[in-house]
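Undergrad: For reference, the file coords.pdb (PDB, C-alpha atoms) is included below:
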ATOM      1  CA  GLY L   1      22.981  -1.974 -63.795  1.00  0.00           C
ATOM      2  CA  GLU L   2      21.756  -0.496 -60.532  1.00  0.00           C
ATOM      3  CA  ASP L   3      20.833  -3.970 -59.195  1.00  0.00           C
ATOM      4  CA  THR L   4      24.417  -5.148 -59.679  1.00  0.00           C
ATOM      5  CA  GLY L   5      25.761  -2.035 -57.975  1.00  0.00           C
ATOM      6  CA  ALA L   6      23.316  -2.434 -55.087  1.00  0.00           C
ATOM      7  CA  LEU L   7      24.334  -6.061 -54.592  1.00  0.00           C
ATOM      8  CA  GLY L   8      28.017  -5.104 -54.756  1.00  0.00           C
ATOM      9  CA  GLY L   9      27.504  -2.360 -52.200  1.00  0.00           C
ATOM     10  CA  LYS L  10      25.610  -4.732 -49.919  1.00  0.00           C
ATOM     11  CA  LEU L  11      28.363  -7.343 -50.176  1.00  0.00           C
ATOM     12  CA  LEU L  12      31.035  -4.734 -49.445  1.00  0.00           C
ATOM     13  CA  GLY L  13      29.153  -3.388 -46.440  1.00  0.00           C
ATOM     14  CA  LEU L  14      28.492  -6.830 -44.976  1.00  0.00           C
ATOM     15  CA  LEU L  15      32.062  -8.002 -45.467  1.00  0.00           C
ATOM     16  CA  SER L  16      33.429  -4.799 -43.922  1.00  0.00           C
ATOM     17  CA  LYS L  17      31.101  -5.178 -40.941  1.00  0.00           C
ATOM     18  CA  PHE L  18      32.058  -8.829 -40.521  1.00  0.00           C
ATOM     19  CA  SER L  19      35.769  -7.994 -40.651  1.00  0.00           C
ATOM     20  CA  ALA L  20      35.371  -5.315 -37.988  1.00  0.00           C
ATOM     21  CA  ASN L  21      33.367  -7.646 -35.750  1.00  0.00           C
ATOM     22  CA  PHE L  22      35.868 -10.443 -36.277  1.00  0.00           C
ATOM     23  CA  ALA L  23      38.778  -8.163 -35.369  1.00  0.00           C
ATOM     24  CA  ALA L  24      36.964  -7.070 -32.209  1.00  0.00           C
ATOM     25  CA  MET L  25      36.262 -10.705 -31.349  1.00  0.00           C
ATOM     26  CA  ILE L  26      39.942 -11.670 -31.665  1.00  0.00           C
ATOM     27  CA  ASP L  27      41.007  -8.682 -29.599  1.00  0.00           C
ATOM     28  CA  GLY L  28      38.399  -9.468 -26.949  1.00  0.00           C
ATOM     29  CA  ARG L  29      39.358 -13.116 -26.713  1.00  0.00           C
ATOM     30  CA  ALA L  30      43.038 -12.218 -26.427  1.00  0.00           C
ATOM     31  CA  SER L  31      42.302  -9.755 -23.624  1.00  0.00           C
ATOM     32  CA  ASN L  32      40.091 -12.228 -21.771  1.00  0.00           C
ATOM     33  CA  THR L  33      42.689 -14.984 -22.078  1.00  0.00           C
ATOM     34  CA  ASN L  34      45.411 -12.647 -20.855  1.00  0.00           C
ATOM     35  CA  GLN L  35      43.372 -11.676 -17.790  1.00  0.00           C
ATOM     36  CA  HIS L  36      42.380 -15.269 -17.074  1.00  0.00           C
ATOM     37  CA  HIS L  37      45.964 -16.499 -17.048  1.00  0.00           C
ATOM     38  CA  ASP L  38      47.432 -13.433 -15.382  1.00  0.00           C
ATOM     39  CA  GLY L  39      47.546 -15.268 -12.067  1.00  0.00           C
ATOM     40  CA  LEU L  40      49.568 -18.083 -13.641  1.00  0.00           C
ATOM     41  CA  VAL L  41      52.337 -15.826 -14.913  1.00  0.00           C
ATOM     42  CA  PRO L  42      54.497 -15.966 -11.727  1.00  0.00           C
ATOM     43  CA  SER L  43      54.652 -19.752 -11.986  1.00  0.00           C
ATOM     44  CA  VAL L  44      56.335 -19.498 -15.365  1.00  0.00           C
ATOM     45  CA  GLY L  45      59.520 -18.257 -13.724  1.00  0.00           C
ATOM     46  CA  ASN L  46      62.459 -16.691 -15.472  1.00  0.00           C
ATOM     47  CA  GLY L  47      62.630 -16.699 -19.238  1.00  0.00           C
ATOM     48  CA  ALA L  48      65.132 -18.639 -21.269  1.00  0.00           C
ATOM     49  CA  ALA L  49      67.311 -15.553 -21.579  1.00  0.00           C
ATOM     50  CA  GLY L  50      67.565 -14.935 -17.845  1.00  0.00           C
ATOM     51  CA  GLY L  51      65.681 -13.042 -15.165  1.00  0.00           C
ATOM     52  CA  GLY L  52      62.586 -10.953 -15.419  1.00  0.00           C
ATOM     53  CA  GLY L  53      60.286 -13.756 -16.519  1.00  0.00           C
ATOM     54  CA  TYR L  54      57.232 -12.241 -14.851  1.00  0.00           C
ATOM     55  CA  ASN L  55      57.969  -8.761 -16.106  1.00  0.00           C
ATOM     56  CA  GLY L  56      58.634 -10.128 -19.589  1.00  0.00           C
ATOM     57  CA  LEU L  57      55.322 -11.946 -19.868  1.00  0.00           C
ATOM     58  CA  GLY L  58      53.373  -9.362 -17.931  1.00  0.00           C
ATOM     59  CA  GLY L  59      54.679  -6.607 -20.171  1.00  0.00           C
ATOM     60  CA  MET L  60      53.564  -8.233 -23.394  1.00  0.00           C
ATOM     61  CA  ALA L  61      51.260  -5.880 -25.225  1.00  0.00           C
ATOM     62  CA  MET L  62      48.461  -8.127 -26.472  1.00  0.00           C
ATOM     63  CA  GLY L  63      47.114  -5.139 -28.375  1.00  0.00           C
ATOM     64  CA  ASN L  64      49.871  -5.777 -30.903  1.00  0.00           C
ATOM     65  CA  MET L  65      47.688  -8.609 -32.197  1.00  0.00           C
ATOM     66  CA  SER L  66      44.977  -6.114 -33.156  1.00  0.00           C
ATOM     67  CA  ILE L  67      44.502  -5.643 -36.890  1.00  0.00           C
ATOM     68  CA  GLY L  68      42.750  -2.300 -36.779  1.00  0.00           C
ATOM     69  CA  GLY L  69      45.703  -0.028 -37.436  1.00  0.00           C
ATOM     70  CA  SER L  70      48.819  -2.119 -37.120  1.00  0.00           C
ATOM     71  CA  ALA L  71      51.841   0.045 -37.880  1.00  0.00           C
ATOM     72  CA  ASN L  72      54.426  -2.536 -36.839  1.00  0.00           C
ATOM     73  CA  ALA L  73      54.996  -3.967 -40.312  1.00  0.00           C
ATOM     74  CA  ASN L  74      57.782  -6.394 -39.512  1.00  0.00           C
ATOM     75  CA  GLY L  75      59.255  -7.894 -42.642  1.00  0.00           C
ATOM     76  CA  THR L  76      57.311  -5.618 -44.994  1.00  0.00           C
ATOM     77  CA  HIS L  77      58.597  -3.089 -47.501  1.00  0.00           C
ATOM     78  CA  ALA L  78      57.974   0.633 -47.236  1.00  0.00           C
ATOM     79  CA  ASP L  79      55.995   0.617 -50.486  1.00  0.00           C
ATOM     80  CA  GLU L  80      53.767  -2.289 -49.421  1.00  0.00           C
ATOM     81  CA  LEU L  81      50.368  -1.976 -47.729  1.00  0.00           C
ATOM     82  CA  TYR L  82      50.034  -3.887 -44.490  1.00  0.00           C
ATOM     83  CA  GLY L  83      47.411  -4.809 -41.907  1.00  0.00           C
ATOM     84  CA  GLY L  84      44.262  -2.706 -41.798  1.00  0.00           C
ATOM     85  CA  ALA L  85      45.416  -0.632 -44.784  1.00  0.00           C
ATOM     86  CA  ARG L  86      45.819  -3.778 -46.864  1.00  0.00           C
ATOM     87  CA  ILE L  87      42.377  -5.090 -45.844  1.00  0.00           C
ATOM     88  CA  SER L  88      40.819  -1.726 -46.708  1.00  0.00           C
ATOM     89  CA  PHE L  89      42.548  -1.873 -50.103  1.00  0.00           C
ATOM     90  CA  ILE L  90      41.164  -5.375 -50.665  1.00  0.00           C
ATOM     91  CA  PHE L  91      37.608  -4.254 -49.912  1.00  0.00           C
ATOM     92  CA  HIS L  92      37.549  -0.970 -51.791  1.00  0.00           C
ATOM     93  CA  GLN L  93      39.953  -1.590 -54.662  1.00  0.00           C
ATOM     94  CA  ILE L  94      40.379  -5.281 -55.496  1.00  0.00           C
ATOM     95  CA  PHE L  95      36.841  -6.337 -54.554  1.00  0.00           C
ATOM     96  CA  GLY L  96      35.298  -3.183 -55.994  1.00  0.00           C
ATOM     97  CA  ARG L  97      37.092  -3.556 -59.330  1.00  0.00           C
ATOM     98  CA  SER L  98      36.119  -7.227 -59.494  1.00  0.00           C
ATOM     99  CA  LEU L  99      32.439  -6.350 -59.128  1.00  0.00           C
ATOM    100  CA  ASN L 100      32.603  -3.482 -61.602  1.00  0.00           C
ATOM    101  CA  SER L 101      34.297  -5.731 -64.151  1.00  0.00           C
ATOM    102  CA  VAL L 102      31.247  -8.012 -64.232  1.00  0.00           C
ATOM    103  CA  GLY L 103      29.311  -6.731 -67.250  1.00  0.00           C
ATOM    104  CA  ALA L 104      25.617  -7.381 -67.740  1.00  0.00           C
ATOM    105  CA  PHE L 105      26.217  -9.064 -71.112  1.00  0.00           C
ATOM    106  CA  ASP L 106      29.620 -10.648 -70.500  1.00  0.00           C
ATOM    107  CA  GLY L 107      29.645 -14.221 -71.729  1.00  0.00           C
ATOM    108  CA  LEU L 108      26.290 -13.861 -73.479  1.00  0.00           C
ATOM    109  CA  SER L 109      26.262 -14.046 -77.256  1.00  0.00           C
ATOM    110  CA  GLU L 110      23.326 -13.169 -79.459  1.00  0.00           C
ATOM    111  CA  ASP L 111      22.976 -16.826 -80.409  1.00  0.00           C
ATOM    112  CA  GLU L 112      22.682 -17.835 -76.741  1.00  0.00           C
ATOM    113  CA  ILE L 113      20.021 -15.191 -76.147  1.00  0.00           C
ATOM    114  CA  ARG L 114      18.046 -16.335 -79.193  1.00  0.00           C
ATOM    115  CA  THR L 115      18.353 -19.969 -78.136  1.00  0.00           C
ATOM    116  CA  THR L 116      17.144 -19.193 -74.610  1.00  0.00           C
ATOM    117  CA  ILE L 117      14.155 -17.278 -75.963  1.00  0.00           C
ATOM    118  CA  GLY L 118      13.391 -20.102 -78.404  1.00  0.00           C
ATOM    119  CA  ASN L 119      13.520 -22.721 -75.662  1.00  0.00           C
ATOM    120  CA  ALA L 120      11.193 -20.630 -73.516  1.00  0.00           C
ATOM    121  CA  ASN L 121       8.684 -20.348 -76.388  1.00  0.00           C
ATOM    122  CA  GLY L 122       8.559 -24.093 -76.936  1.00  0.00           C
ATOM    123  CA  THR L 123       6.480 -25.321 -79.887  1.00  0.00           C
ATOM    124  CA  ARG L 124       4.230 -22.270 -79.984  1.00  0.00           C
ATOM    125  CA  PRO L 125       5.585 -18.995 -81.369  1.00  0.00           C
ATOM    126  CA  ALA L 126       5.072 -16.024 -79.050  1.00  0.00           C
ATOM    127  CA  LEU L 127       4.424 -12.402 -79.935  1.00  0.00           C
ATOM    128  CA  PHE L 128       6.373 -11.161 -76.916  1.00  0.00           C
ATOM    129  CA  VAL L 129       9.571 -12.433 -75.328  1.00  0.00           C
ATOM    130  CA  PRO L 130       8.714 -14.808 -72.452  1.00  0.00           C
ATOM    131  CA  GLU L 131       9.733 -13.544 -69.024  1.00  0.00           C
ATOM    132  CA  ILE L 132      11.210 -16.927 -68.127  1.00  0.00           C
ATOM    133  CA  SER L 133      13.983 -16.416 -70.685  1.00  0.00           C
ATOM    134  CA  PHE L 134      14.930 -13.156 -68.954  1.00  0.00           C
ATOM    135  CA  ASP L 135      14.988 -14.962 -65.585  1.00  0.00           C
ATOM    136  CA  ILE L 136      17.299 -17.666 -66.914  1.00  0.00           C
ATOM    137  CA  LEU L 137      19.797 -15.200 -68.381  1.00  0.00           C
ATOM    138  CA  VAL L 138      19.760 -12.847 -65.374  1.00  0.00           C
ATOM    139  CA  ARG L 139      20.272 -15.672 -62.874  1.00  0.00           C
ATOM    140  CA  ARG L 140      23.251 -16.848 -64.879  1.00  0.00           C
ATOM    141  CA  GLN L 141      24.832 -13.392 -64.687  1.00  0.00           C
ATOM    142  CA  ILE L 142      24.086 -12.893 -60.979  1.00  0.00           C
ATOM    143  CA  ARG L 143      25.910 -16.140 -60.158  1.00  0.00           C
ATOM    144  CA  ARG L 144      29.082 -14.527 -61.498  1.00  0.00           C
ATOM    145  CA  LEU L 145      29.055 -12.122 -58.529  1.00  0.00           C
ATOM    146  CA  GLU L 146      29.735 -14.966 -56.099  1.00  0.00           C
ATOM    147  CA  GLN L 147      33.353 -15.535 -57.131  1.00  0.00           C
ATOM    148  CA  PRO L 148      34.560 -11.959 -56.384  1.00  0.00           C
ATOM    149  CA  GLY L 149      33.017 -12.189 -52.908  1.00  0.00           C
ATOM    150  CA  VAL L 150      34.641 -15.542 -52.135  1.00  0.00           C
ATOM    151  CA  GLN L 151      37.973 -14.265 -53.478  1.00  0.00           C
ATOM    152  CA  CYS L 152      37.702 -11.228 -51.173  1.00  0.00           C
ATOM    153  CA  VAL L 153      37.247 -13.550 -48.176  1.00  0.00           C
ATOM    154  CA  ASP L 154      40.350 -15.533 -49.178  1.00  0.00           C
ATOM    155  CA  LEU L 155      42.467 -12.388 -49.543  1.00  0.00           C
ATOM    156  CA  VAL L 156      41.389 -11.029 -46.153  1.00  0.00           C
ATOM    157  CA  TYR L 157      42.091 -14.426 -44.569  1.00  0.00           C
ATOM    158  CA  ASP L 158      45.614 -14.450 -46.020  1.00  0.00           C
ATOM    159  CA  GLU L 159      46.266 -10.948 -44.684  1.00  0.00           C
ATOM    160  CA  LEU L 160      44.975 -11.860 -41.215  1.00  0.00           C
ATOM    161  CA  GLN L 161      47.335 -14.827 -41.149  1.00  0.00           C
ATOM    162  CA  ARG L 162      50.174 -12.555 -42.190  1.00  0.00           C
ATOM    163  CA  ILE L 163      49.356 -10.074 -39.419  1.00  0.00           C
ATOM    164  CA  ALA L 164      49.210 -12.824 -36.817  1.00  0.00           C
ATOM    165  CA  ALA L 165      52.627 -14.100 -37.862  1.00  0.00           C
ATOM    166  CA  GLN L 166      54.321 -10.680 -37.915  1.00  0.00           C
ATOM    167  CA  SER L 167      52.779  -8.791 -34.982  1.00  0.00           C
ATOM    168  CA  GLU L 168      53.883 -11.002 -32.102  1.00  0.00           C
ATOM    169  CA  PRO L 169      55.727  -9.228 -29.236  1.00  0.00           C
ATOM    170  CA  THR L 170      59.497  -9.645 -29.205  1.00  0.00           C
ATOM    171  CA  GLU L 171      59.332 -10.875 -25.603  1.00  0.00           C
ATOM    172  CA  LEU L 172      57.458 -13.933 -26.821  1.00  0.00           C
ATOM    173  CA  THR L 173      60.590 -15.341 -28.461  1.00  0.00           C
ATOM    174  CA  ARG L 174      61.856 -16.295 -25.009  1.00  0.00           C
ATOM    175  CA  TYR L 175      58.916 -18.672 -24.574  1.00  0.00           C
ATOM    176  CA  PRO L 176      58.857 -20.818 -27.739  1.00  0.00           C
ATOM    177  CA  ASN L 177      56.183 -23.216 -26.474  1.00  0.00           C
ATOM    178  CA  LEU L 178      53.863 -20.349 -25.551  1.00  0.00           C
ATOM    179  CA  ARG L 179      54.571 -18.681 -28.874  1.00  0.00           C
ATOM    180  CA  ASP L 180      53.769 -21.812 -30.864  1.00  0.00           C
ATOM    181  CA  ARG L 181      50.597 -22.369 -28.866  1.00  0.00           C
ATOM    182  CA  MET L 182      49.415 -18.807 -29.422  1.00  0.00           C
ATOM    183  CA  MET L 183      50.027 -19.046 -33.147  1.00  0.00           C
ATOM    184  CA  ASP L 184      48.176 -22.367 -33.305  1.00  0.00           C
ATOM    185  CA  VAL L 185      45.165 -20.883 -31.524  1.00  0.00           C
ATOM    186  CA  VAL L 186      45.032 -17.805 -33.776  1.00  0.00           C
ATOM    187  CA  SER L 187      45.494 -19.900 -36.921  1.00  0.00           C
ATOM    188  CA  ALA L 188      42.759 -22.333 -35.866  1.00  0.00           C
ATOM    189  CA  LEU L 189      40.403 -19.446 -35.111  1.00  0.00           C
ATOM    190  CA  LEU L 190      40.966 -17.938 -38.561  1.00  0.00           C
ATOM    191  CA  LYS L 191      40.492 -21.301 -40.291  1.00  0.00           C
ATOM    192  CA  ARG L 192      37.211 -21.917 -38.464  1.00  0.00           C
ATOM    193  CA  SER L 193      35.890 -18.581 -39.680  1.00  0.00           C
ATOM    194  CA  VAL L 194      36.798 -18.903 -43.380  1.00  0.00           C
ATOM    195  CA  GLY L 195      34.257 -21.589 -44.274  1.00  0.00           C
ATOM    196  CA  PRO L 196      31.230 -19.910 -42.634  1.00  0.00           C
ATOM    197  CA  THR L 197      32.193 -16.553 -44.147  1.00  0.00           C
ATOM    198  CA  GLN L 198      32.436 -18.004 -47.654  1.00  0.00           C
ATOM    199  CA  MET L 199      29.093 -19.747 -47.138  1.00  0.00           C
ATOM    200  CA  TRP L 200      27.640 -16.453 -45.954  1.00  0.00           C
ATOM    201  CA  VAL L 201      28.701 -14.740 -49.176  1.00  0.00           C
ATOM    202  CA  SER L 202      27.303 -17.610 -51.267  1.00  0.00           C
ATOM    203  CA  ASN L 203      24.006 -17.499 -49.377  1.00  0.00           C
ATOM    204  CA  LEU L 204      23.726 -13.761 -49.991  1.00  0.00           C
ATOM    205  CA  VAL L 205      24.028 -14.353 -53.738  1.00  0.00           C
ATOM    206  CA  ARG L 206      21.492 -17.199 -53.511  1.00  0.00           C
ATOM    207  CA  ILE L 207      19.072 -14.823 -51.802  1.00  0.00           C
ATOM    208  CA  GLU L 208      19.354 -12.473 -54.775  1.00  0.00           C
ATOM    209  CA  LEU L 209      18.828 -15.436 -57.120  1.00  0.00           C
ATOM    210  CA  SER L 210      15.662 -16.505 -55.330  1.00  0.00           C
ATOM    211  CA  TYR L 211      13.637 -13.571 -56.651  1.00  0.00           C
ATOM    212  CA  ILE L 212      14.138 -11.486 -59.794  1.00  0.00           C
ATOM    213  CA  ASN L 213      12.358  -8.162 -59.389  1.00  0.00           C
ATOM    214  CA  THR L 214      10.876  -7.524 -62.827  1.00  0.00           C
ATOM    215  CA  ASN L 215       8.855  -4.626 -61.373  1.00  0.00           C
ATOM    216  CA  HIS L 216      12.022  -2.592 -60.933  1.00  0.00           C
ATOM    217  CA  PRO L 217      11.860   0.755 -62.808  1.00  0.00           C
ATOM    218  CA  ASP L 218      14.942  -0.183 -64.836  1.00  0.00           C
ATOM    219  CA  PHE L 219      13.260  -3.325 -66.169  1.00  0.00           C
ATOM    220  CA  ILE L 220      11.494  -2.858 -69.495  1.00  0.00           C
ATOM    221  CA  GLY L 221       8.674  -5.365 -69.804  1.00  0.00           C
ATOM    222  CA  GLY L 222       6.713  -6.266 -72.899  1.00  0.00           C
ATOM    223  CA  SER L 223       4.091  -3.531 -72.487  1.00  0.00           C
ATOM    224  CA  ARG L 224       6.679  -0.784 -71.955  1.00  0.00           C
ATOM    225  CA  ALA L 225       8.723  -2.059 -74.887  1.00  0.00           C
ATOM    226  CA  VAL L 226       5.666  -1.891 -77.163  1.00  0.00           C
ATOM    227  CA  ALA L 227       4.793   1.562 -75.829  1.00  0.00           C
ATOM    228  CA  ARG L 228       8.292   2.835 -76.582  1.00  0.00           C
ATOM    229  CA  LEU L 229       8.145   1.310 -80.065  1.00  0.00           C
ATOM    230  CA  MET L 230       4.807   3.003 -80.757  1.00  0.00           C
ATOM    231  CA  GLU L 231       6.164   6.348 -79.551  1.00  0.00           C
ATOM    232  CA  LYS L 232       9.200   5.959 -81.799  1.00  0.00           C
ATOM    233  CA  MET L 233       7.001   5.108 -84.801  1.00  0.00           C
ATOM    234  CA  ALA L 234       4.762   8.126 -84.096  1.00  0.00           C
ATOM    235  CA  VAL L 235       7.778  10.445 -83.937  1.00  0.00           C
ATOM    236  CA  GLU L 236       9.146   9.063 -87.207  1.00  0.00           C
ATOM    237  CA  LYS L 237       5.722   9.419 -88.836  1.00  0.00           C
ATOM    238  CA  ASP L 238       5.424  13.069 -87.761  1.00  0.00           C
ATOM    239  CA  LYS L 239       8.958  13.767 -88.977  1.00  0.00           C
ATOM    240  CA  ALA L 240       8.188  12.228 -92.383  1.00  0.00           C
ATOM    241  CA  ALA L 241       4.964  14.274 -92.636  1.00  0.00           C
ATOM    242  CA  ARG L 242       6.833  17.536 -91.961  1.00  0.00           C
ATOM    243  CA  GLN L 243       9.470  16.730 -94.555  1.00  0.00           C
ATOM    244  CA  ALA L 244       6.759  16.015 -97.127  1.00  0.00           C
TER     245      ALA L 244
END
Take the structure in the file and give it back as structure tokens.
TA:
Amino acid sequence: GEDTGALGGKLLGLLSKFSANFAAMIDGRASNTNQHHDGLVPSVGNGAAGGGGYNGLGGMAMGNMSIGGSANANGTHADELYGGARISFIFHQIFGRSLNSVGAFDGLSEDEIRTTIGNANGTRPALFVPEISFDILVRRQIRRLEQPGVQCVDLVYDELQRIAAQSEPTELTRYPNLRDRMMDVVSALLKRSVGPTQMWVSNLVRIELSYINTNHPDFIGGSRAVARLMEKMAVEKDKAARQA
């Protein structure tokens, strides 16, 4: 219902914000590292291919490592999304469809619902359905929203690794040790961020599980259910009286 859509929208917004902040953080760290080591560039000397070592390193465009709008899709096909476009597709298409595919009653049979209500009643029969049975069933369904969020994190992580591997400057091939070191640093940075991001998504779902808002207008409690039943019976009674 609306609660599921609100949670999906919140997850999408938070993940999008985190991805943007993470991209800015990588870009900022790369720029700071480049400036810090700028004075060391002359000591590197000529590259393996010949002269111009300083110009080769100094001319490296570190902005190529940015994921915001990478158009340099090395090794990709023309009909394949890449970089920021691929991440946007993951957020709005794959992740969105995954959330929308989670139905409110998926995996719940009528027997399971009856059993849950019976267990909540205990030994004493109840006139109305206990609220605890609703809590149990709703919490079970909300937990199913965690997997699409974690899957979205994994897909974005894979794409970030792909970008890092394919957006290196061509000049960097002349310095294999520097290239390997840069790739190791970027890979380690991405790996360190995956775990906390997945935990962040899981914690967001746990926050929603901590309190079930039964006062929401879309929730029909026992009193409203009885009121609707009485209104329906009154309408049917009036209709039968007119027909008579």
Undergrad: Using only the atoms of range 103-110 of chain L listed in the file, plus 4 Å on each side, state the axis-aligned box centre and edge lengths in Å rounded to one decimal, as lines of an AutoDock Vina configuration file.
TA:
center_x = 26.5
center_y = -10.5
center_z = -73.4
size_x = 14.3
size_y = 15.5
size_z = 20.2
Undergrad: Evaluating the PyMOL selection byres ((chain L and resi 137-144) around 10) on the displayed file yields which residues, as a PyMOL selection string?
TA: chain L and resi 3-4+7+99+102-108+112-113+116-117+132-136+145-149+202+205-206+208-212
Undergrad: Could you work out how far CA of Asp184 in chain L lies from CA of Leu155 in chain L, giving the answer in Å with one decimal?
TA: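 Those two atoms sit 19.9 Å apart.
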Undergrad: On this file, the PyMOL selection byres ((chain L and resi 200) around 12) gives some set of residues; write that set as a list in words.
TA: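 Applied to this file, the PyMOL selection byres ((chain L and resi 200) around 12) returns Leu11, Leu14, Leu15, Phe18, Glu146, Gly149, Val150, Val153, Ser193, Val194, Gly195, Pro196, Thr197, Gln198, Met199, Val201, Ser202, Asn203, Leu204, Val205, Arg206 and Ile207 of chain L.
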Undergrad: Using only C-alpha atoms, determine which residues lie at most 9 Å from Ala165 in chain L, disregarding the query and same-chain residues fewer than 4 positions distant; provide the list as a PyMOL selection string.
TA: chain L and resi 160-161+183
Undergrad: Just how far from CA of Tyr82 in chain L is CA of Asn177 in chain L, in Å to one decimal?
TA: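 Pair CA of Asn177 in chain L / CA of Tyr82 in chain L returns 27.1 Å.
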